[in-house]
Structures are given as structure tokens and as C-alpha cells.
>>> print(open('my_file_7.cif').read())   # mmCIF, N, CA and C atoms
data_model
#
loop_
_atom_site.label_atom_id
_atom_site.label_comp_id
_atom_site.auth_asym_id
_atom_site.auth_seq_id
_atom_site.Cartn_x
_atom_site.Cartn_y
_atom_site.Cartn_z
N MET A 1339 -23.44 25.80 -8.23
CA MET A 1339 -24.71 26.03 -7.58
C MET A 1339 -24.77 27.47 -7.11
N SER A 1340 -25.96 28.06 -7.24
CA SER A 1340 -26.16 29.41 -6.75
C SER A 1340 -27.42 29.44 -5.90
N ASP A 1341 -27.66 30.58 -5.27
CA ASP A 1341 -28.86 30.71 -4.44
C ASP A 1341 -30.13 30.66 -5.27
N THR A 1342 -30.04 31.02 -6.53
CA THR A 1342 -31.23 31.03 -7.38
C THR A 1342 -31.39 29.75 -8.20
N CYS A 1343 -30.39 28.90 -8.22
CA CYS A 1343 -30.46 27.68 -9.00
C CYS A 1343 -29.86 26.53 -8.19
N PRO A 1344 -30.70 25.84 -7.42
CA PRO A 1344 -30.16 24.75 -6.57
C PRO A 1344 -29.67 23.57 -7.40
N LEU A 1345 -28.75 22.83 -6.82
CA LEU A 1345 -28.21 21.63 -7.44
C LEU A 1345 -29.28 20.54 -7.46
N VAL A 1346 -29.44 19.89 -8.59
CA VAL A 1346 -30.44 18.84 -8.74
C VAL A 1346 -29.76 17.60 -9.30
N PHE A 1347 -30.12 16.44 -8.78
CA PHE A 1347 -29.64 15.17 -9.31
C PHE A 1347 -30.82 14.46 -9.94
N ALA A 1348 -30.70 14.05 -11.17
CA ALA A 1348 -31.79 13.37 -11.86
C ALA A 1348 -31.21 12.28 -12.76
N VAL A 1349 -32.01 11.27 -13.00
CA VAL A 1349 -31.65 10.21 -13.94
C VAL A 1349 -32.80 10.06 -14.93
N ASN A 1350 -32.48 9.49 -16.09
CA ASN A 1350 -33.53 9.24 -17.07
C ASN A 1350 -33.60 7.74 -17.36
N SER A 1351 -34.54 7.38 -18.20
CA SER A 1351 -34.75 5.96 -18.49
C SER A 1351 -33.53 5.32 -19.15
N GLY A 1352 -32.82 6.06 -19.99
CA GLY A 1352 -31.62 5.52 -20.61
C GLY A 1352 -30.56 5.17 -19.59
N PHE A 1353 -30.43 5.98 -18.56
CA PHE A 1353 -29.49 5.70 -17.48
C PHE A 1353 -29.89 4.42 -16.75
N VAL A 1354 -31.18 4.27 -16.47
CA VAL A 1354 -31.65 3.07 -15.76
C VAL A 1354 -31.34 1.82 -16.57
N ILE A 1355 -31.59 1.86 -17.86
CA ILE A 1355 -31.39 0.68 -18.70
C ILE A 1355 -29.91 0.38 -18.93
N SER A 1356 -29.11 1.39 -19.27
CA SER A 1356 -27.75 1.11 -19.70
C SER A 1356 -26.67 1.31 -18.64
N GLU A 1357 -26.93 2.09 -17.62
CA GLU A 1357 -25.88 2.40 -16.65
C GLU A 1357 -26.07 1.74 -15.28
N LEU A 1358 -27.29 1.52 -14.87
CA LEU A 1358 -27.51 0.88 -13.57
C LEU A 1358 -27.16 -0.59 -13.66
N GLU A 1359 -26.29 -1.02 -12.80
CA GLU A 1359 -25.92 -2.43 -12.78
C GLU A 1359 -26.92 -3.22 -11.95
N GLY A 1360 -27.07 -4.48 -12.26
CA GLY A 1360 -27.96 -5.34 -11.50
C GLY A 1360 -29.38 -5.28 -12.00
N GLU A 1361 -30.22 -5.92 -11.24
CA GLU A 1361 -31.63 -6.03 -11.59
C GLU A 1361 -32.50 -5.58 -10.42
N PHE A 1362 -33.76 -5.34 -10.68
CA PHE A 1362 -34.74 -4.97 -9.66
C PHE A 1362 -35.78 -6.07 -9.53
N ASP A 1363 -35.31 -7.30 -9.46
CA ASP A 1363 -36.20 -8.46 -9.46
C ASP A 1363 -37.33 -8.32 -8.45
N ASP A 1364 -38.57 -8.37 -8.98
CA ASP A 1364 -39.78 -8.35 -8.16
C ASP A 1364 -39.80 -7.18 -7.17
N THR A 1365 -39.36 -6.03 -7.62
CA THR A 1365 -39.33 -4.83 -6.79
C THR A 1365 -40.50 -3.93 -7.15
N VAL A 1366 -41.06 -3.29 -6.15
CA VAL A 1366 -42.09 -2.28 -6.36
C VAL A 1366 -41.39 -0.93 -6.29
N ILE A 1367 -41.41 -0.20 -7.37
CA ILE A 1367 -40.79 1.12 -7.43
C ILE A 1367 -41.87 2.16 -7.15
N ILE A 1368 -41.68 2.92 -6.07
CA ILE A 1368 -42.62 3.98 -5.71
C ILE A 1368 -41.86 5.29 -5.87
N ALA A 1369 -42.05 5.93 -7.01
CA ALA A 1369 -41.33 7.16 -7.36
C ALA A 1369 -42.24 8.36 -7.07
N MET A 1370 -41.94 9.07 -6.01
CA MET A 1370 -42.83 10.14 -5.57
C MET A 1370 -42.39 11.53 -6.02
N GLY A 1371 -41.50 11.59 -7.01
CA GLY A 1371 -41.06 12.88 -7.52
C GLY A 1371 -41.97 13.41 -8.61
N CYS A 1372 -41.79 14.67 -8.92
CA CYS A 1372 -42.58 15.34 -9.96
C CYS A 1372 -42.49 14.60 -11.29
N GLU A 1373 -43.61 14.47 -11.94
CA GLU A 1373 -43.71 13.88 -13.29
C GLU A 1373 -43.06 12.50 -13.39
N SER A 1374 -43.01 11.77 -12.29
CA SER A 1374 -42.35 10.47 -12.29
C SER A 1374 -43.06 9.43 -13.14
N GLN A 1375 -44.31 9.71 -13.50
CA GLN A 1375 -45.04 8.81 -14.40
C GLN A 1375 -45.76 9.65 -15.47
N TYR A 1376 -45.15 10.79 -15.82
CA TYR A 1376 -45.69 11.64 -16.88
C TYR A 1376 -45.67 10.89 -18.21
N LEU A 1377 -44.55 10.30 -18.52
CA LEU A 1377 -44.41 9.41 -19.66
C LEU A 1377 -44.12 8.01 -19.12
N GLU A 1378 -44.26 7.00 -19.94
CA GLU A 1378 -44.05 5.63 -19.47
C GLU A 1378 -42.62 5.13 -19.64
N ASP A 1379 -41.71 5.95 -20.17
CA ASP A 1379 -40.36 5.45 -20.44
C ASP A 1379 -39.61 5.04 -19.18
N MET A 1380 -39.74 5.80 -18.10
CA MET A 1380 -39.05 5.44 -16.86
C MET A 1380 -39.65 4.16 -16.28
N ALA A 1381 -40.96 4.08 -16.28
CA ALA A 1381 -41.62 2.86 -15.79
C ALA A 1381 -41.18 1.65 -16.61
N GLN A 1382 -41.17 1.78 -17.91
CA GLN A 1382 -40.75 0.69 -18.78
C GLN A 1382 -39.30 0.29 -18.53
N ALA A 1383 -38.46 1.27 -18.25
CA ALA A 1383 -37.04 0.97 -17.97
C ALA A 1383 -36.91 0.12 -16.72
N PHE A 1384 -37.62 0.47 -15.66
CA PHE A 1384 -37.55 -0.31 -14.43
C PHE A 1384 -38.16 -1.70 -14.61
N ILE A 1385 -39.24 -1.79 -15.36
CA ILE A 1385 -39.84 -3.10 -15.64
C ILE A 1385 -38.85 -3.95 -16.44
N GLN A 1386 -38.20 -3.34 -17.42
CA GLN A 1386 -37.18 -4.06 -18.21
C GLN A 1386 -36.05 -4.57 -17.33
N LYS A 1387 -35.75 -3.85 -16.24
CA LYS A 1387 -34.70 -4.27 -15.30
C LYS A 1387 -35.23 -5.22 -14.22
N GLY A 1388 -36.49 -5.67 -14.36
CA GLY A 1388 -37.00 -6.70 -13.47
C GLY A 1388 -38.01 -6.27 -12.43
N ALA A 1389 -38.28 -4.96 -12.29
CA ALA A 1389 -39.28 -4.52 -11.32
C ALA A 1389 -40.65 -5.07 -11.69
N SER A 1390 -41.49 -5.29 -10.69
CA SER A 1390 -42.82 -5.82 -10.97
C SER A 1390 -43.83 -4.71 -11.26
N VAL A 1391 -43.62 -3.54 -10.69
CA VAL A 1391 -44.53 -2.42 -10.93
C VAL A 1391 -43.82 -1.12 -10.61
N TYR A 1392 -44.29 -0.04 -11.22
CA TYR A 1392 -43.72 1.30 -11.03
C TYR A 1392 -44.88 2.26 -10.79
N LEU A 1393 -44.83 3.00 -9.69
CA LEU A 1393 -45.85 4.01 -9.38
C LEU A 1393 -45.23 5.39 -9.47
N GLY A 1394 -46.00 6.34 -9.96
CA GLY A 1394 -45.50 7.70 -10.05
C GLY A 1394 -46.62 8.70 -10.27
N TRP A 1395 -46.23 9.96 -10.42
CA TRP A 1395 -47.18 11.07 -10.55
C TRP A 1395 -47.34 11.50 -12.00
N SER A 1396 -48.53 11.89 -12.35
CA SER A 1396 -48.87 12.29 -13.71
C SER A 1396 -48.22 13.60 -14.13
N THR A 1397 -47.91 14.45 -13.19
CA THR A 1397 -47.32 15.75 -13.49
C THR A 1397 -46.59 16.27 -12.24
N VAL A 1398 -46.35 17.55 -12.18
CA VAL A 1398 -45.68 18.17 -11.04
C VAL A 1398 -46.54 18.01 -9.79
N VAL A 1399 -45.88 17.79 -8.65
CA VAL A 1399 -46.59 17.69 -7.37
C VAL A 1399 -45.97 18.67 -6.37
N SER A 1400 -46.82 19.20 -5.50
CA SER A 1400 -46.31 20.10 -4.45
C SER A 1400 -45.82 19.27 -3.28
N LEU A 1401 -44.85 19.80 -2.56
CA LEU A 1401 -44.14 19.05 -1.52
C LEU A 1401 -45.06 18.58 -0.40
N GLU A 1402 -45.82 19.46 0.19
CA GLU A 1402 -46.69 19.06 1.30
C GLU A 1402 -47.72 18.03 0.85
N TYR A 1403 -48.27 18.24 -0.33
CA TYR A 1403 -49.26 17.30 -0.87
C TYR A 1403 -48.65 15.91 -1.05
N VAL A 1404 -47.48 15.83 -1.70
CA VAL A 1404 -46.89 14.52 -1.98
C VAL A 1404 -46.50 13.81 -0.69
N ASP A 1405 -46.07 14.54 0.31
CA ASP A 1405 -45.76 13.92 1.61
C ASP A 1405 -47.00 13.26 2.20
N ASN A 1406 -48.11 13.99 2.22
CA ASN A 1406 -49.36 13.45 2.77
C ASN A 1406 -49.89 12.29 1.93
N ALA A 1407 -49.82 12.43 0.62
CA ALA A 1407 -50.31 11.38 -0.27
C ALA A 1407 -49.47 10.10 -0.12
N THR A 1408 -48.18 10.25 0.05
CA THR A 1408 -47.31 9.08 0.20
C THR A 1408 -47.63 8.33 1.48
N ILE A 1409 -47.85 9.04 2.56
CA ILE A 1409 -48.23 8.39 3.82
C ILE A 1409 -49.54 7.64 3.65
N GLU A 1410 -50.51 8.27 3.01
CA GLU A 1410 -51.80 7.63 2.76
C GLU A 1410 -51.64 6.39 1.88
N LEU A 1411 -50.83 6.51 0.83
CA LEU A 1411 -50.60 5.38 -0.07
C LEU A 1411 -49.96 4.21 0.66
N LEU A 1412 -48.92 4.48 1.43
CA LEU A 1412 -48.25 3.41 2.17
C LEU A 1412 -49.18 2.77 3.19
N ASN A 1413 -50.00 3.56 3.82
CA ASN A 1413 -50.99 3.02 4.76
C ASN A 1413 -51.94 2.06 4.04
N ASN A 1414 -52.41 2.45 2.88
CA ASN A 1414 -53.35 1.61 2.13
C ASN A 1414 -52.69 0.33 1.60
N LEU A 1415 -51.45 0.44 1.16
CA LEU A 1415 -50.79 -0.72 0.57
C LEU A 1415 -50.14 -1.64 1.60
N LEU A 1416 -49.56 -1.06 2.65
CA LEU A 1416 -48.83 -1.87 3.63
C LEU A 1416 -49.67 -2.29 4.83
N LEU A 1417 -50.42 -1.37 5.39
CA LEU A 1417 -51.20 -1.70 6.59
C LEU A 1417 -52.54 -2.33 6.24
N LYS A 1418 -53.26 -1.74 5.30
CA LYS A 1418 -54.55 -2.30 4.90
C LYS A 1418 -54.40 -3.46 3.92
N LYS A 1419 -53.22 -3.58 3.30
CA LYS A 1419 -52.90 -4.64 2.35
C LYS A 1419 -53.87 -4.70 1.17
N LEU A 1420 -54.26 -3.51 0.69
CA LEU A 1420 -55.15 -3.44 -0.46
C LEU A 1420 -54.39 -3.77 -1.74
N PRO A 1421 -55.09 -4.33 -2.72
CA PRO A 1421 -54.47 -4.48 -4.04
C PRO A 1421 -54.05 -3.10 -4.56
N LEU A 1422 -53.07 -3.08 -5.44
CA LEU A 1422 -52.48 -1.84 -5.92
C LEU A 1422 -53.52 -0.83 -6.42
N ALA A 1423 -54.38 -1.24 -7.33
CA ALA A 1423 -55.37 -0.31 -7.90
C ALA A 1423 -56.30 0.23 -6.81
N ASP A 1424 -56.73 -0.63 -5.90
CA ASP A 1424 -57.61 -0.19 -4.82
C ASP A 1424 -56.88 0.76 -3.87
N GLY A 1425 -55.62 0.46 -3.58
CA GLY A 1425 -54.84 1.32 -2.70
C GLY A 1425 -54.65 2.70 -3.28
N ILE A 1426 -54.41 2.76 -4.59
CA ILE A 1426 -54.27 4.06 -5.26
C ILE A 1426 -55.61 4.79 -5.28
N THR A 1427 -56.67 4.09 -5.58
CA THR A 1427 -58.00 4.71 -5.58
C THR A 1427 -58.34 5.27 -4.21
N GLU A 1428 -58.11 4.48 -3.17
CA GLU A 1428 -58.37 4.94 -1.80
C GLU A 1428 -57.52 6.16 -1.46
N THR A 1429 -56.28 6.15 -1.89
CA THR A 1429 -55.39 7.28 -1.66
C THR A 1429 -55.92 8.53 -2.34
N MET A 1430 -56.26 8.41 -3.60
CA MET A 1430 -56.74 9.57 -4.35
C MET A 1430 -58.09 10.05 -3.81
N ASN A 1431 -58.93 9.13 -3.35
CA ASN A 1431 -60.20 9.55 -2.72
C ASN A 1431 -59.95 10.32 -1.44
N ALA A 1432 -58.94 9.92 -0.69
CA ALA A 1432 -58.65 10.57 0.60
C ALA A 1432 -57.97 11.93 0.43
N VAL A 1433 -57.02 12.03 -0.50
CA VAL A 1433 -56.23 13.27 -0.62
C VAL A 1433 -56.60 14.10 -1.84
N GLY A 1434 -57.33 13.54 -2.78
CA GLY A 1434 -57.66 14.25 -4.01
C GLY A 1434 -56.43 14.43 -4.88
N THR A 1435 -56.59 15.13 -5.97
CA THR A 1435 -55.44 15.46 -6.81
C THR A 1435 -54.69 16.62 -6.17
N ASP A 1436 -53.47 16.83 -6.60
CA ASP A 1436 -52.67 17.93 -6.08
C ASP A 1436 -53.45 19.24 -6.27
N PRO A 1437 -53.60 20.04 -5.22
CA PRO A 1437 -54.43 21.25 -5.31
C PRO A 1437 -53.87 22.32 -6.25
N TYR A 1438 -52.59 22.27 -6.54
CA TYR A 1438 -51.99 23.28 -7.42
C TYR A 1438 -51.79 22.78 -8.85
N PHE A 1439 -51.40 21.51 -8.98
CA PHE A 1439 -51.00 20.99 -10.29
C PHE A 1439 -51.91 19.89 -10.82
N ARG A 1440 -52.87 19.44 -10.02
CA ARG A 1440 -53.85 18.39 -10.39
C ARG A 1440 -53.19 17.04 -10.65
N ALA A 1441 -52.02 16.80 -10.11
CA ALA A 1441 -51.33 15.52 -10.29
C ALA A 1441 -52.12 14.39 -9.64
N TYR A 1442 -52.01 13.22 -10.22
CA TYR A 1442 -52.63 12.02 -9.66
C TYR A 1442 -51.67 10.85 -9.85
N LEU A 1443 -51.87 9.82 -9.04
CA LEU A 1443 -51.02 8.63 -9.07
C LEU A 1443 -51.38 7.73 -10.25
N LYS A 1444 -50.35 7.14 -10.84
CA LYS A 1444 -50.51 6.18 -11.92
C LYS A 1444 -49.57 5.01 -11.65
N TYR A 1445 -49.84 3.89 -12.30
CA TYR A 1445 -48.93 2.75 -12.18
C TYR A 1445 -48.80 2.04 -13.52
N TYR A 1446 -47.69 1.30 -13.62
CA TYR A 1446 -47.38 0.57 -14.84
C TYR A 1446 -46.66 -0.72 -14.45
N PRO A 1447 -46.99 -1.84 -15.02
CA PRO A 1447 -48.02 -2.10 -16.01
C PRO A 1447 -49.40 -2.23 -15.37
N THR A 1448 -50.42 -1.99 -16.15
CA THR A 1448 -51.79 -1.99 -15.62
C THR A 1448 -52.23 -3.37 -15.14
N GLU A 1449 -51.59 -4.42 -15.64
CA GLU A 1449 -51.96 -5.78 -15.20
C GLU A 1449 -51.66 -6.00 -13.72
N SER A 1450 -50.88 -5.13 -13.11
CA SER A 1450 -50.48 -5.28 -11.71
C SER A 1450 -51.55 -4.80 -10.74
N GLY A 1451 -52.58 -4.17 -11.22
CA GLY A 1451 -53.57 -3.53 -10.37
C GLY A 1451 -54.29 -4.43 -9.39
N ASP A 1452 -54.48 -5.69 -9.74
CA ASP A 1452 -55.21 -6.61 -8.86
C ASP A 1452 -54.34 -7.27 -7.81
N LEU A 1453 -53.04 -6.97 -7.81
CA LEU A 1453 -52.11 -7.64 -6.91
C LEU A 1453 -51.76 -6.77 -5.70
N THR A 1454 -51.52 -7.41 -4.57
CA THR A 1454 -51.06 -6.71 -3.37
C THR A 1454 -49.54 -6.57 -3.43
N LEU A 1455 -48.98 -5.75 -2.55
CA LEU A 1455 -47.52 -5.62 -2.51
C LEU A 1455 -46.85 -6.96 -2.25
N ASN A 1456 -47.41 -7.74 -1.33
CA ASN A 1456 -46.82 -9.05 -1.06
C ASN A 1456 -46.77 -9.92 -2.31
N GLU A 1457 -47.81 -9.87 -3.12
CA GLU A 1457 -47.82 -10.65 -4.35
C GLU A 1457 -46.86 -10.09 -5.39
N LEU A 1458 -46.68 -8.78 -5.39
CA LEU A 1458 -45.80 -8.14 -6.37
C LEU A 1458 -44.32 -8.36 -6.08
N ILE A 1459 -43.98 -8.65 -4.84
CA ILE A 1459 -42.55 -8.82 -4.51
C ILE A 1459 -42.14 -10.29 -4.43
N LYS A 1460 -43.04 -11.20 -4.73
CA LYS A 1460 -42.70 -12.63 -4.70
C LYS A 1460 -42.18 -13.09 -6.04
#
>>> encode(input="my_file_7.cif", output="C-alpha cells")
Amino acid sequence: MSDTCPLVFAVNSGFVISELEGEFDDTVIIAMGCESQYLEDMAQAFIQKGASVYLGWSTVVSLEYVDNATIELLNNLLLKKLPLADGITETMNAVGTDPYFRAYLKYYPTESGDLTLNELIK
């Protein structure tokens, strides 16, 4: 590690499928990192391991933006108990897309949109 190149830890979908032991039975995966839902391979890997839904960002996100958006998302899903699609829509209406990178929230699979978190974890 150097001052110009910080140490980064990352995993890919192959790691999730072949190296992670156990299952994610009825788990909601909320991945708030950059490009966490740029492609669907990571989402598919978690679903294959038993997760009920995977949320992530379409592209790169700025730190302050993602912090605020995550708080808004959790408020909509946990406190207001909105269905997933409505909670994401409310979040995006409140915070907009990332002001620098235009990132927006996505989820997989799309059939999960009408369900609340309580329904997704049962």
C-alpha cells in the first residue's frame, strides 16, 4: 500500500458462488458500494446462494451522497415499511441521482418490488 494507492478489498460473483460457505436464506442484500448493481452477476450470485433480493447502485457513487441515500432508503423500508419498489422510488425522489455520477438504485429480481422487507425475510 502507498499514499497514492490505498488498499482495497473486493469480491466478485465467482467468489460469492464458489468460495463463500453457507447460504443467505431469505436475506436482503443492500450493497451500497460503487457499481454494486452495474451488472447483474453479483445480484444473481447472491440470489443463487438464497438471498431474496439484492439492491445496489447503477454506477459509481460519491461518499456523501450514498450515505444520505442509504439513510433515506432505510427510513423508507424499515420505518415506513414501504414495499421495495416504492421505497426505492421514494428514496430517489428525495435524494435524486448522484450529483456527480448520476447513479441510481436498482434491485434484482424485479419480482421482489411489491414485497416489504418483512415479507422478503420470511
>>> residues_around(input="my_file_7.cif", residues="segment 1447-1451 of chain A", least_positions_apart="6", cutoff="7 Å", atoms="all atoms listed in the file", output="list in words")
Ala1381, Ser1390, Val1391, Tyr1392, Pro1421, Leu1422, Ala1423 and Asp1424 of chain A
>>> atom_distance(input="my_file_7.cif", atom1="atom N of Ile1367 of chain A", atom2="atom C of Lys1387 of chain A")
10.5 Å
>>> atom_distance(input="my_file_7.cif", atom1="atom N of Met1430 of chain A", atom2="atom N of Val1354 of chain A")
28.5 Å
>>> atom_distance(input="my_file_7.cif", atom1="atom C of Tyr1446 of chain A", atom2="atom CA of Ala1389 of chain A")
8.9 Å
>>> resolve_selection(input="my_file_7.cif", expression="the PyMOL selection byres (((chain A and resi 1456 and name CA) around 10) and name CA)", output="list in words")
Val1366, Leu1415, Leu1416, Lys1419, Pro1421, Leu1453, Thr1454, Leu1455, Glu1457, Leu1458, Ile1459 and Lys1460 of chain A
>>> select_by_dssp(input="my_file_7.cif", residues="chain A", states="alpha helix (DSSP H)", output="ChimeraX atom specification")
/A:1351-1356,1379-1386,1401-1412,1422-1433,1455-1458
>>> write_last_selection(input="my_file_7.cif", atoms="N, CA and C atoms", output="compact mmCIF listing (two decimals), in the frame of the given file")
# COMPACT_ATOMS: atom_id res chain seq x y z
N SER A 1351 -34.54 7.38 -18.20
CA SER A 1351 -34.75 5.96 -18.49
C SER A 1351 -33.53 5.32 -19.15
N GLY A 1352 -32.82 6.06 -19.99
CA GLY A 1352 -31.62 5.52 -20.61
C GLY A 1352 -30.56 5.17 -19.59
N PHE A 1353 -30.43 5.98 -18.56
CA PHE A 1353 -29.49 5.70 -17.48
C PHE A 1353 -29.89 4.42 -16.75
N VAL A 1354 -31.18 4.27 -16.47
CA VAL A 1354 -31.65 3.07 -15.76
C VAL A 1354 -31.34 1.82 -16.57
N ILE A 1355 -31.59 1.86 -17.86
CA ILE A 1355 -31.39 0.68 -18.70
C ILE A 1355 -29.91 0.38 -18.93
N SER A 1356 -29.11 1.39 -19.27
CA SER A 1356 -27.75 1.11 -19.70
C SER A 1356 -26.67 1.31 -18.64
N ASP A 1379 -41.71 5.95 -20.17
CA ASP A 1379 -40.36 5.45 -20.44
C ASP A 1379 -39.61 5.04 -19.18
N MET A 1380 -39.74 5.80 -18.10
CA MET A 1380 -39.05 5.44 -16.86
C MET A 1380 -39.65 4.16 -16.28
N ALA A 1381 -40.96 4.08 -16.28
CA ALA A 1381 -41.62 2.86 -15.79
C ALA A 1381 -41.18 1.65 -16.61
N GLN A 1382 -41.17 1.78 -17.91
CA GLN A 1382 -40.75 0.69 -18.78
C GLN A 1382 -39.30 0.29 -18.53
N ALA A 1383 -38.46 1.27 -18.25
CA ALA A 1383 -37.04 0.97 -17.97
C ALA A 1383 -36.91 0.12 -16.72
N PHE A 1384 -37.62 0.47 -15.66
CA PHE A 1384 -37.55 -0.31 -14.43
C PHE A 1384 -38.16 -1.70 -14.61
N ILE A 1385 -39.24 -1.79 -15.36
CA ILE A 1385 -39.84 -3.10 -15.64
C ILE A 1385 -38.85 -3.95 -16.44
N GLN A 1386 -38.20 -3.34 -17.42
CA GLN A 1386 -37.18 -4.06 -18.21
C GLN A 1386 -36.05 -4.57 -17.33
N LEU A 1401 -44.85 19.80 -2.56
CA LEU A 1401 -44.14 19.05 -1.52
C LEU A 1401 -45.06 18.58 -0.40
N GLU A 1402 -45.82 19.46 0.19
CA GLU A 1402 -46.69 19.06 1.30
C GLU A 1402 -47.72 18.03 0.85
N TYR A 1403 -48.27 18.24 -0.33
CA TYR A 1403 -49.26 17.30 -0.87
C TYR A 1403 -48.65 15.91 -1.05
N VAL A 1404 -47.48 15.83 -1.70
CA VAL A 1404 -46.89 14.52 -1.98
C VAL A 1404 -46.50 13.81 -0.69
N ASP A 1405 -46.07 14.54 0.31
CA ASP A 1405 -45.76 13.92 1.61
C ASP A 1405 -47.00 13.26 2.20
N ASN A 1406 -48.11 13.99 2.22
CA ASN A 1406 -49.36 13.45 2.77
C ASN A 1406 -49.89 12.29 1.93
N ALA A 1407 -49.82 12.43 0.62
CA ALA A 1407 -50.31 11.38 -0.27
C ALA A 1407 -49.47 10.10 -0.12
N THR A 1408 -48.18 10.25 0.05
CA THR A 1408 -47.31 9.08 0.20
C THR A 1408 -47.63 8.33 1.48
N ILE A 1409 -47.85 9.04 2.56
CA ILE A 1409 -48.23 8.39 3.82
C ILE A 1409 -49.54 7.64 3.65
N GLU A 1410 -50.51 8.27 3.01
CA GLU A 1410 -51.80 7.63 2.76
C GLU A 1410 -51.64 6.39 1.88
N LEU A 1411 -50.83 6.51 0.83
CA LEU A 1411 -50.60 5.38 -0.07
C LEU A 1411 -49.96 4.21 0.66
N LEU A 1412 -48.92 4.48 1.43
CA LEU A 1412 -48.25 3.41 2.17
C LEU A 1412 -49.18 2.77 3.19
N LEU A 1422 -53.07 -3.08 -5.44
CA LEU A 1422 -52.48 -1.84 -5.92
C LEU A 1422 -53.52 -0.83 -6.42
N ALA A 1423 -54.38 -1.24 -7.33
CA ALA A 1423 -55.37 -0.31 -7.90
C ALA A 1423 -56.30 0.23 -6.81
N ASP A 1424 -56.73 -0.63 -5.90
CA ASP A 1424 -57.61 -0.19 -4.82
C ASP A 1424 -56.88 0.76 -3.87
N GLY A 1425 -55.62 0.46 -3.58
CA GLY A 1425 -54.84 1.32 -2.70
C GLY A 1425 -54.65 2.70 -3.28
N ILE A 1426 -54.41 2.76 -4.59
CA ILE A 1426 -54.27 4.06 -5.26
C ILE A 1426 -55.61 4.79 -5.28
N THR A 1427 -56.67 4.09 -5.58
CA THR A 1427 -58.00 4.71 -5.58
C THR A 1427 -58.34 5.27 -4.21
N GLU A 1428 -58.11 4.48 -3.17
CA GLU A 1428 -58.37 4.94 -1.80
C GLU A 1428 -57.52 6.16 -1.46
N THR A 1429 -56.28 6.15 -1.89
CA THR A 1429 -55.39 7.28 -1.66
C THR A 1429 -55.92 8.53 -2.34
N MET A 1430 -56.26 8.41 -3.60
CA MET A 1430 -56.74 9.57 -4.35
C MET A 1430 -58.09 10.05 -3.81
N ASN A 1431 -58.93 9.13 -3.35
CA ASN A 1431 -60.20 9.55 -2.72
C ASN A 1431 -59.95 10.32 -1.44
N ALA A 1432 -58.94 9.92 -0.69
CA ALA A 1432 -58.65 10.57 0.60
C ALA A 1432 -57.97 11.93 0.43
N VAL A 1433 -57.02 12.03 -0.50
CA VAL A 1433 -56.23 13.27 -0.62
C VAL A 1433 -56.60 14.10 -1.84
N LEU A 1455 -48.98 -5.75 -2.55
CA LEU A 1455 -47.52 -5.62 -2.51
C LEU A 1455 -46.85 -6.96 -2.25
N ASN A 1456 -47.41 -7.74 -1.33
CA ASN A 1456 -46.82 -9.05 -1.06
C ASN A 1456 -46.77 -9.92 -2.31
N GLU A 1457 -47.81 -9.87 -3.12
CA GLU A 1457 -47.82 -10.65 -4.35
C GLU A 1457 -46.86 -10.09 -5.39
N LEU A 1458 -46.68 -8.78 -5.39
CA LEU A 1458 -45.80 -8.14 -6.37
C LEU A 1458 -44.32 -8.36 -6.08
>>> select_by_dssp(input="my_file_7.cif", residues="chain A", states="strand (DSSP E or B)", output="count of residues only")
12
>>> residues_around(input="my_file_7.cif", residues="Phe1439 of chain A", least_positions_apart="2", cutoff="6.5 Å", atoms="all atoms listed in the file", output="list in words")
Val1398, Val1399, Ser1400, Thr1435, Asp1436, Pro1437 and Ala1441 of chain A
>>> resolve_selection(input="my_file_7.cif", expression="the PyMOL selection byres ((chain A and resi 1372-1380) around 6.5)", output="number ranges by chain")
A: 1350-1351, 1369-1371, 1381-1385, 1393-1399
>>> write_last_selection(input="my_file_7.cif", atoms="N, CA and C atoms", output="JSON list (two decimals), in the frame of the given file")
[["chain", "number", "residue", "atom", "x", "y", "z"],
["A", 1350, "ASN", "N", -32.48, 9.49, -16.09],
["A", 1350, "ASN", "CA", -33.53, 9.24, -17.07],
["A", 1350, "ASN", "C", -33.60, 7.74, -17.36],
["A", 1351, "SER", "N", -34.54, 7.38, -18.20],
["A", 1351, "SER", "CA", -34.75, 5.96, -18.49],
["A", 1351, "SER", "C", -33.53, 5.32, -19.15],
["A", 1369, "ALA", "N", -42.05, 5.93, -7.01],
["A", 1369, "ALA", "CA", -41.33, 7.16, -7.36],
["A", 1369, "ALA", "C", -42.24, 8.36, -7.07],
["A", 1370, "MET", "N", -41.94, 9.07, -6.01],
["A", 1370, "MET", "CA", -42.83, 10.14, -5.57],
["A", 1370, "MET", "C", -42.39, 11.53, -6.02],
["A", 1371, "GLY", "N", -41.50, 11.59, -7.01],
["A", 1371, "GLY", "CA", -41.06, 12.88, -7.52],
["A", 1371, "GLY", "C", -41.97, 13.41, -8.61],
["A", 1381, "ALA", "N", -40.96, 4.08, -16.28],
["A", 1381, "ALA", "CA", -41.62, 2.86, -15.79],
["A", 1381, "ALA", "C", -41.18, 1.65, -16.61],
["A", 1382, "GLN", "N", -41.17, 1.78, -17.91],
["A", 1382, "GLN", "CA", -40.75, 0.69, -18.78],
["A", 1382, "GLN", "C", -39.30, 0.29, -18.53],
["A", 1383, "ALA", "N", -38.46, 1.27, -18.25],
["A", 1383, "ALA", "CA", -37.04, 0.97, -17.97],
["A", 1383, "ALA", "C", -36.91, 0.12, -16.72],
["A", 1384, "PHE", "N", -37.62, 0.47, -15.66],
["A", 1384, "PHE", "CA", -37.55, -0.31, -14.43],
["A", 1384, "PHE", "C", -38.16, -1.70, -14.61],
["A", 1385, "ILE", "N", -39.24, -1.79, -15.36],
["A", 1385, "ILE", "CA", -39.84, -3.10, -15.64],
["A", 1385, "ILE", "C", -38.85, -3.95, -16.44],
["A", 1393, "LEU", "N", -44.83, 3.00, -9.69],
["A", 1393, "LEU", "CA", -45.85, 4.01, -9.38],
["A", 1393, "LEU", "C", -45.23, 5.39, -9.47],
["A", 1394, "GLY", "N", -46.00, 6.34, -9.96],
["A", 1394, "GLY", "CA", -45.50, 7.70, -10.05],
["A", 1394, "GLY", "C", -46.62, 8.70, -10.27],
["A", 1395, "TRP", "N", -46.23, 9.96, -10.42],
["A", 1395, "TRP", "CA", -47.18, 11.07, -10.55],
["A", 1395, "TRP", "C", -47.34, 11.50, -12.00],
["A", 1396, "SER", "N", -48.53, 11.89, -12.35],
["A", 1396, "SER", "CA", -48.87, 12.29, -13.71],
["A", 1396, "SER", "C", -48.22, 13.60, -14.13],
["A", 1397, "THR", "N", -47.91, 14.45, -13.19],
["A", 1397, "THR", "CA", -47.32, 15.75, -13.49],
["A", 1397, "THR", "C", -46.59, 16.27, -12.24],
["A", 1398, "VAL", "N", -46.35, 17.55, -12.18],
["A", 1398, "VAL", "CA", -45.68, 18.17, -11.04],
["A", 1398, "VAL", "C", -46.54, 18.01, -9.79],
["A", 1399, "VAL", "N", -45.88, 17.79, -8.65],
["A", 1399, "VAL", "CA", -46.59, 17.69, -7.37],
["A", 1399, "VAL", "C", -45.97, 18.67, -6.37]]
